[in-house]
Amino acid sequence: MIDNLLSFSPLDNGSEHAAGVVHGATYWLAASLFILTFVAIVSEKVHKTKAALFGGALTVALGVLSQEEAFHSPHFGIDHGVVFLLISMMVLVNVIGRTGVFGWAAIKVARLSRGQPMRIMLWFCVLTAVASALLDNVTTVLLVAPVTLLITDELDVDPIPFLLAEAMASNIGGTATLIGDPPNILIAARAHFTFGDFLEHLAPAVAITMLAFLGMLWLLFRKSLKVDEQKRQRVLAMDERKMISDKSLATKSLVVLALTLVGFSLHSVLHLEPATVALLGAATLLLIARGEPHRPLAEVEWQTIFFFIGLFLVIGGIVKVGVVRDISEIVIKATGPTAESMQTTAFSLLWFSAGLSAVVDNIPYVATMNPLVLDMANTVMHQGAADSTELPIETLHSAVLQPVWWSFALGSCLGGNATAIGASANVVVVGIAGRAGKKISFMRFLKFGLPTMLMTLVIAHLYVMFRYY
Amino acid sequence: MLVRDALVTNPLVVAPTTTMFELIEAILGSNQTTASVVENGFLIGTVSAADVMRLVIPSYVSMDEHLAGVLHATFFEEALVKLQNVLVGHVMEQPMHTLPPDAPLMSAVVTFVRHGRKTIPVVDQGRFLGAVTRRSVLQLMRSSVSDR
């Protein structure tokens, strides 16, 4: 059976594919590997990294992708840019996280809020959103949650509304930049957007969304979050300087992080990819930090990295054999994009992405949809004549296609707020609350998350409508 | 040499209804940091100074050790007040490492080293007889030298 499958030349199968043609065995093999991998990921019976890696390894071993394509093709294989951007940012965060600088900022903010819980909640959300835009969301909530527990303990108020708000602020903030949330990294890699593009198109939407979110928190909690003078004094008495364990490393880390961000935004001048800039930043910080590199490297979330690697291969397989092209034809029929306007497609993608991201991991979703959007653009704008993995930048960034990308990113990132499993930051916050003896049930999360998600999606919808249509 | 040769017959013993605050008093009044929890003559658990400390560490400090530096001055005072409401019976560990009186002394030595124990309750069919401690074992070892 396997011999039979291998006797098909994968390259022929991919290039000769066209609508209406009877699909070869490789087509169905790639589709089955994709479906089985996704069923395994969604069912959570197998760890998602194991599922993706096994599916990816089979995709190569059974010849859906050639070994050359798997490891060296930028279109079908592992996207090393994404992989190294993720690794490098994780290394940076690992070093910065251990300096205590985030706790320093949080306690400073709490004191500047004069110990008033409502203000602290709002400012912690702002801090979380900004940090999530620059670092990854999970790290940010891992850093802000313990300080939140300390402060709410001192103020004797319920920490759950704070923790929920922070998880959501993290997901909203992460939407703003190229490096803020993995879906954005994936979209940037495929659509060749720069750090500056994200700031220009998504950051304003996120700023408006964030203001609305803060307004919502104020309306919800302004009456219940009141404490007496004595408790406020406890927060005011804290000394944030004691949070910094290594002042020199803290300073160095912040300087390197700042330079890395400058490097990202100078793409048009330096012509360095985000991965290159991040790698330079991480390597510099490792070099100037004292001690062995073992710990910051070992603490890289290798599970996430290998999850990406497996996904790239499985999805590369279905892109190559033409499964994605067939699905994209369905999307085109359903939403009727034209070379002049893709408005229905953009809004459908916004809401569809949000709905799916609320219940499944948005990383595999975006990784799958990316080639689909590319293929749709190719069909509509080039009559399918171009190579969808190598569309010219004028097509990718055309006024017609841009709103589709941004709707896609907004939906995938903001959708995660709806449920306790919608985003990694949510899962982490629920876990931390549990460790502190404060259980957050699925329903409790949903009651707060779903309205938040709907509100932010309506804002995103209006933003796309007024800005692009 | 057997475990019974190093048996301390009046070790630190508390009841499951003892509060954690009272446990601290009991520990401070003895030369041991682990207590056997005994009910109707039967061993039902062990509890130690480490358990007190575990209760005192707030979850946020175990998540981020940097926060240890910003706790307010009266933190321990308040934490200990809370321990007045916590019963030993809710905190104690099930009796895991116990030895019968006729076990070889080496079994006690191994348990001390391998499991980091400071006190090992000695039981005979569940009935509490006493305990061997690192100190009682060392004393027995030394006496064997001086006996020669």
# chains A, B, ... in the order shown; residues from 1 in each chain; ligands from 1

$ residues_around --residues "Ser248 in chain A" --least-positions-apart "6" --cutoff "12 Å" --atoms "only C-alpha atoms" --output "NGL selection string"
:A and (96 or 99-101 or 254-255 or 288-290)

$ select_by_dssp --residues "range 2-148 of chain B" --states "strand (DSSP E or B)" --output "JSON, numbers by chain"
{"B": [2, 8, 13, 14, 19, 34, 35, 36, 37, 38, 39, 42, 43, 44, 45, 46, 47, 48, 87, 93, 99, 104, 119, 120, 121, 122, 123, 124, 127, 128, 129, 130, 131, 132, 133]}

$ select_by_dssp --residues "range 22-141 of chain B" --states "helix (DSSP H, G or I)" --output "JSON, numbers by chain"
{"B": [22, 23, 24, 25, 26, 27, 28, 49, 50, 51, 52, 53, 54, 55, 56, 59, 60, 61, 62, 63, 65, 66, 67, 68, 69, 70, 75, 76, 77, 78, 79, 80, 81, 82, 83, 88, 89, 90, 91, 105, 106, 107, 108, 109, 110, 111, 112, 113, 114, 115, 134, 135, 136, 137, 138, 139, 140, 141]}

$ write_last_selection --atoms "C-alpha atoms" --output "JSON list (two decimals), in the first residue's frame"
[["chain", "number", "residue", "atom", "x", "y", "z"],
["B", 22, "GLU", "CA", -0.85, 25.06, 68.54],
["B", 23, "LEU", "CA", 1.43, 22.82, 66.49],
["B", 24, "ILE", "CA", 3.96, 25.66, 66.29],
["B", 25, "GLU", "CA", 3.88, 25.93, 70.10],
["B", 26, "ALA", "CA", 4.36, 22.17, 70.40],
["B", 27, "ILE", "CA", 7.32, 22.18, 67.99],
["B", 28, "LEU", "CA", 8.94, 25.06, 69.82],
["B", 49, "ALA", "CA", 7.37, 22.63, 60.51],
["B", 50, "ALA", "CA", 7.66, 22.44, 56.71],
["B", 51, "ASP", "CA", 3.86, 22.10, 56.49],
["B", 52, "VAL", "CA", 3.48, 25.27, 58.55],
["B", 53, "MET", "CA", 5.79, 27.07, 56.16],
["B", 54, "ARG", "CA", 3.98, 25.76, 53.10],
["B", 55, "LEU", "CA", 0.74, 27.19, 54.49],
["B", 56, "VAL", "CA", 2.38, 30.54, 55.09],
["B", 59, "SER", "CA", 0.38, 31.39, 46.02],
["B", 60, "TYR", "CA", 1.65, 34.53, 44.33],
["B", 61, "VAL", "CA", 5.08, 34.23, 45.95],
["B", 62, "SER", "CA", 5.41, 30.62, 44.83],
["B", 63, "MET", "CA", 4.62, 31.86, 41.30],
["B", 65, "GLU", "CA", 9.68, 34.86, 44.06],
["B", 66, "HIS", "CA", 10.40, 38.52, 43.39],
["B", 67, "LEU", "CA", 7.21, 39.29, 45.31],
["B", 68, "ALA", "CA", 8.80, 38.02, 48.55],
["B", 69, "GLY", "CA", 10.48, 41.42, 48.80],
["B", 70, "VAL", "CA", 7.33, 43.53, 48.83],
["B", 75, "PHE", "CA", 2.57, 39.66, 56.92],
["B", 76, "PHE", "CA", 3.69, 36.84, 59.23],
["B", 77, "GLU", "CA", 1.62, 38.10, 62.12],
["B", 78, "GLU", "CA", -1.52, 37.90, 59.96],
["B", 79, "ALA", "CA", -0.55, 34.59, 58.43],
["B", 80, "LEU", "CA", -0.13, 33.03, 61.88],
["B", 81, "VAL", "CA", -3.47, 34.38, 63.04],
["B", 82, "LYS", "CA", -5.07, 32.55, 60.11],
["B", 83, "LEU", "CA", -3.37, 29.33, 61.24],
["B", 88, "VAL", "CA", -3.68, 19.53, 61.72],
["B", 89, "GLY", "CA", -6.13, 16.90, 60.43],
["B", 90, "HIS", "CA", -6.63, 18.93, 57.25],
["B", 91, "VAL", "CA", -2.96, 19.53, 56.59],
["B", 105, "LEU", "CA", 18.10, 0.00, 61.87],
["B", 106, "MET", "CA", 19.56, 0.38, 58.38],
["B", 107, "SER", "CA", 16.00, 0.75, 57.01],
["B", 108, "ALA", "CA", 15.61, 3.85, 59.16],
["B", 109, "VAL", "CA", 18.97, 5.22, 57.99],
["B", 110, "VAL", "CA", 17.97, 4.69, 54.35],
["B", 111, "THR", "CA", 14.60, 6.40, 54.88],
["B", 112, "PHE", "CA", 16.25, 9.40, 56.51],
["B", 113, "VAL", "CA", 18.66, 9.81, 53.62],
["B", 114, "ARG", "CA", 16.52, 8.83, 50.67],
["B", 115, "HIS", "CA", 13.32, 10.60, 51.66],
["B", 134, "ARG", "CA", 18.02, 11.23, 63.32],
["B", 135, "ARG", "CA", 19.28, 12.10, 66.75],
["B", 136, "SER", "CA", 18.18, 8.80, 68.36],
["B", 137, "VAL", "CA", 19.77, 6.83, 65.53],
["B", 138, "LEU", "CA", 23.04, 8.75, 65.77],
["B", 139, "GLN", "CA", 23.06, 8.19, 69.54],
["B", 140, "LEU", "CA", 22.61, 4.45, 69.02],
["B", 141, "MET", "CA", 25.40, 4.39, 66.41]]

$ residues_around --residues "range 419-422 of chain A" --least-positions-apart "5" --cutoff "7 Å" --atoms "only C-alpha atoms" --output "number ranges by chain"
A: 357-361, 427, 442, 445-446, 449-450

$ write_last_selection --atoms "N, CA and C atoms" --output "PDB file, in the first residue's frame"
ATOM      1  N   SER A 357     -11.881  30.756  16.374  1.00  0.00           N
ATOM      2  CA  SER A 357     -10.807  30.971  17.347  1.00  0.00           C
ATOM      3  C   SER A 357     -11.326  30.926  18.772  1.00  0.00           C
ATOM      4  N   ALA A 358     -12.635  31.132  18.940  1.00  0.00           N
ATOM      5  CA  ALA A 358     -13.206  31.080  20.289  1.00  0.00           C
ATOM      6  C   ALA A 358     -13.172  29.659  20.835  1.00  0.00           C
ATOM      7  N   VAL A 359     -13.194  28.687  19.954  1.00  0.00           N
ATOM      8  CA  VAL A 359     -13.256  27.307  20.435  1.00  0.00           C
ATOM      9  C   VAL A 359     -12.047  26.446  20.080  1.00  0.00           C
ATOM     10  N   VAL A 360     -11.337  26.816  19.020  1.00  0.00           N
ATOM     11  CA  VAL A 360     -10.127  26.037  18.711  1.00  0.00           C
ATOM     12  C   VAL A 360      -8.907  26.960  18.724  1.00  0.00           C
ATOM     13  N   ASP A 361      -7.765  26.349  18.795  1.00  0.00           N
ATOM     14  CA  ASP A 361      -6.495  27.055  18.769  1.00  0.00           C
ATOM     15  C   ASP A 361      -6.407  27.895  17.488  1.00  0.00           C
ATOM     16  N   VAL A 427      -6.249  30.124  29.216  1.00  0.00           N
ATOM     17  CA  VAL A 427      -5.989  28.851  29.885  1.00  0.00           C
ATOM     18  C   VAL A 427      -5.040  29.080  31.065  1.00  0.00           C
ATOM     19  N   PHE A 442     -15.978  27.417  33.497  1.00  0.00           N
ATOM     20  CA  PHE A 442     -16.102  27.705  32.071  1.00  0.00           C
ATOM     21  C   PHE A 442     -17.201  28.746  31.842  1.00  0.00           C
ATOM     22  N   PHE A 445     -16.245  32.308  32.885  1.00  0.00           N
ATOM     23  CA  PHE A 445     -15.400  32.929  31.860  1.00  0.00           C
ATOM     24  C   PHE A 445     -16.262  33.385  30.682  1.00  0.00           C
ATOM     25  N   LEU A 446     -17.157  32.496  30.272  1.00  0.00           N
ATOM     26  CA  LEU A 446     -17.993  32.772  29.107  1.00  0.00           C
ATOM     27  C   LEU A 446     -18.857  34.022  29.312  1.00  0.00           C
ATOM     28  N   GLY A 449     -16.363  36.724  28.900  1.00  0.00           N
ATOM     29  CA  GLY A 449     -15.600  36.671  27.652  1.00  0.00           C
ATOM     30  C   GLY A 449     -16.428  36.874  26.403  1.00  0.00           C
ATOM     31  N   LEU A 450     -17.587  36.241  26.365  1.00  0.00           N
ATOM     32  CA  LEU A 450     -18.395  36.313  25.142  1.00  0.00           C
ATOM     33  C   LEU A 450     -18.853  37.748  24.848  1.00  0.00           C
TER      34      LEU A 450
END

$ atom_distance --atom1 "CA of Tyr468 in chain A" --atom2 "CA of Pro204 in chain A"
13.3 Å

$ closest_residue --among "B:Thr74, B:Gln94, B:Asn40, B:Thr34" --to "chain A" --atoms "only C-alpha atoms"
B:Thr74

$ closest_atom_pairs --of "chain A" --to "chain B" --cutoff "7 Å" --atoms "only C-alpha atoms" --output "tab-separated table"
residue	atom	partner	partner_atom	distance
A:Gly100	CA	B:His66	CA	6.3
A:Pro146	CA	B:Tyr60	CA	4.5
A:Val147	CA	B:Tyr60	CA	6.9
A:Leu149	CA	B:Tyr60	CA	6.0
A:Leu150	CA	B:Tyr60	CA	6.2
A:Arg234	CA	B:His72	CA	7.0
A:Met238	CA	B:Val70	CA	5.6
A:Asp239	CA	B:Val70	CA	6.1
A:Lys242	CA	B:Gly69	CA	5.4
A:Met243	CA	B:His66	CA	5.1
A:Arg435	CA	B:Ser59	CA	6.8
A:Ala436	CA	B:Ser59	CA	5.4

$ residues_around --residues "range 65-70 of chain A" --least-positions-apart "4" --cutoff "7 Å" --atoms "only C-alpha atoms" --output "list of chain:residue names"
A:Pro10, A:Thr59, A:Val60, A:Phe76, A:Gly77, A:Ile78, A:Leu313, A:Gly317

$ residues_around --residues "Arg114 in chain A" --least-positions-apart "6" --cutoff "10 Å" --atoms "only C-alpha atoms" --output "number ranges by chain"
A: 108, 120, 232-233, 235-236

$ atom_distance --atom1 "CA of Leu217 in chain A" --atom2 "CA of Thr452 in chain A"
9.8 Å

$ closest_residue --among "B:Val47, B:Ile57, B:Ala6, B:Met96" --to "Leu129 in chain B" --atoms "only C-alpha atoms"
B:Ala6
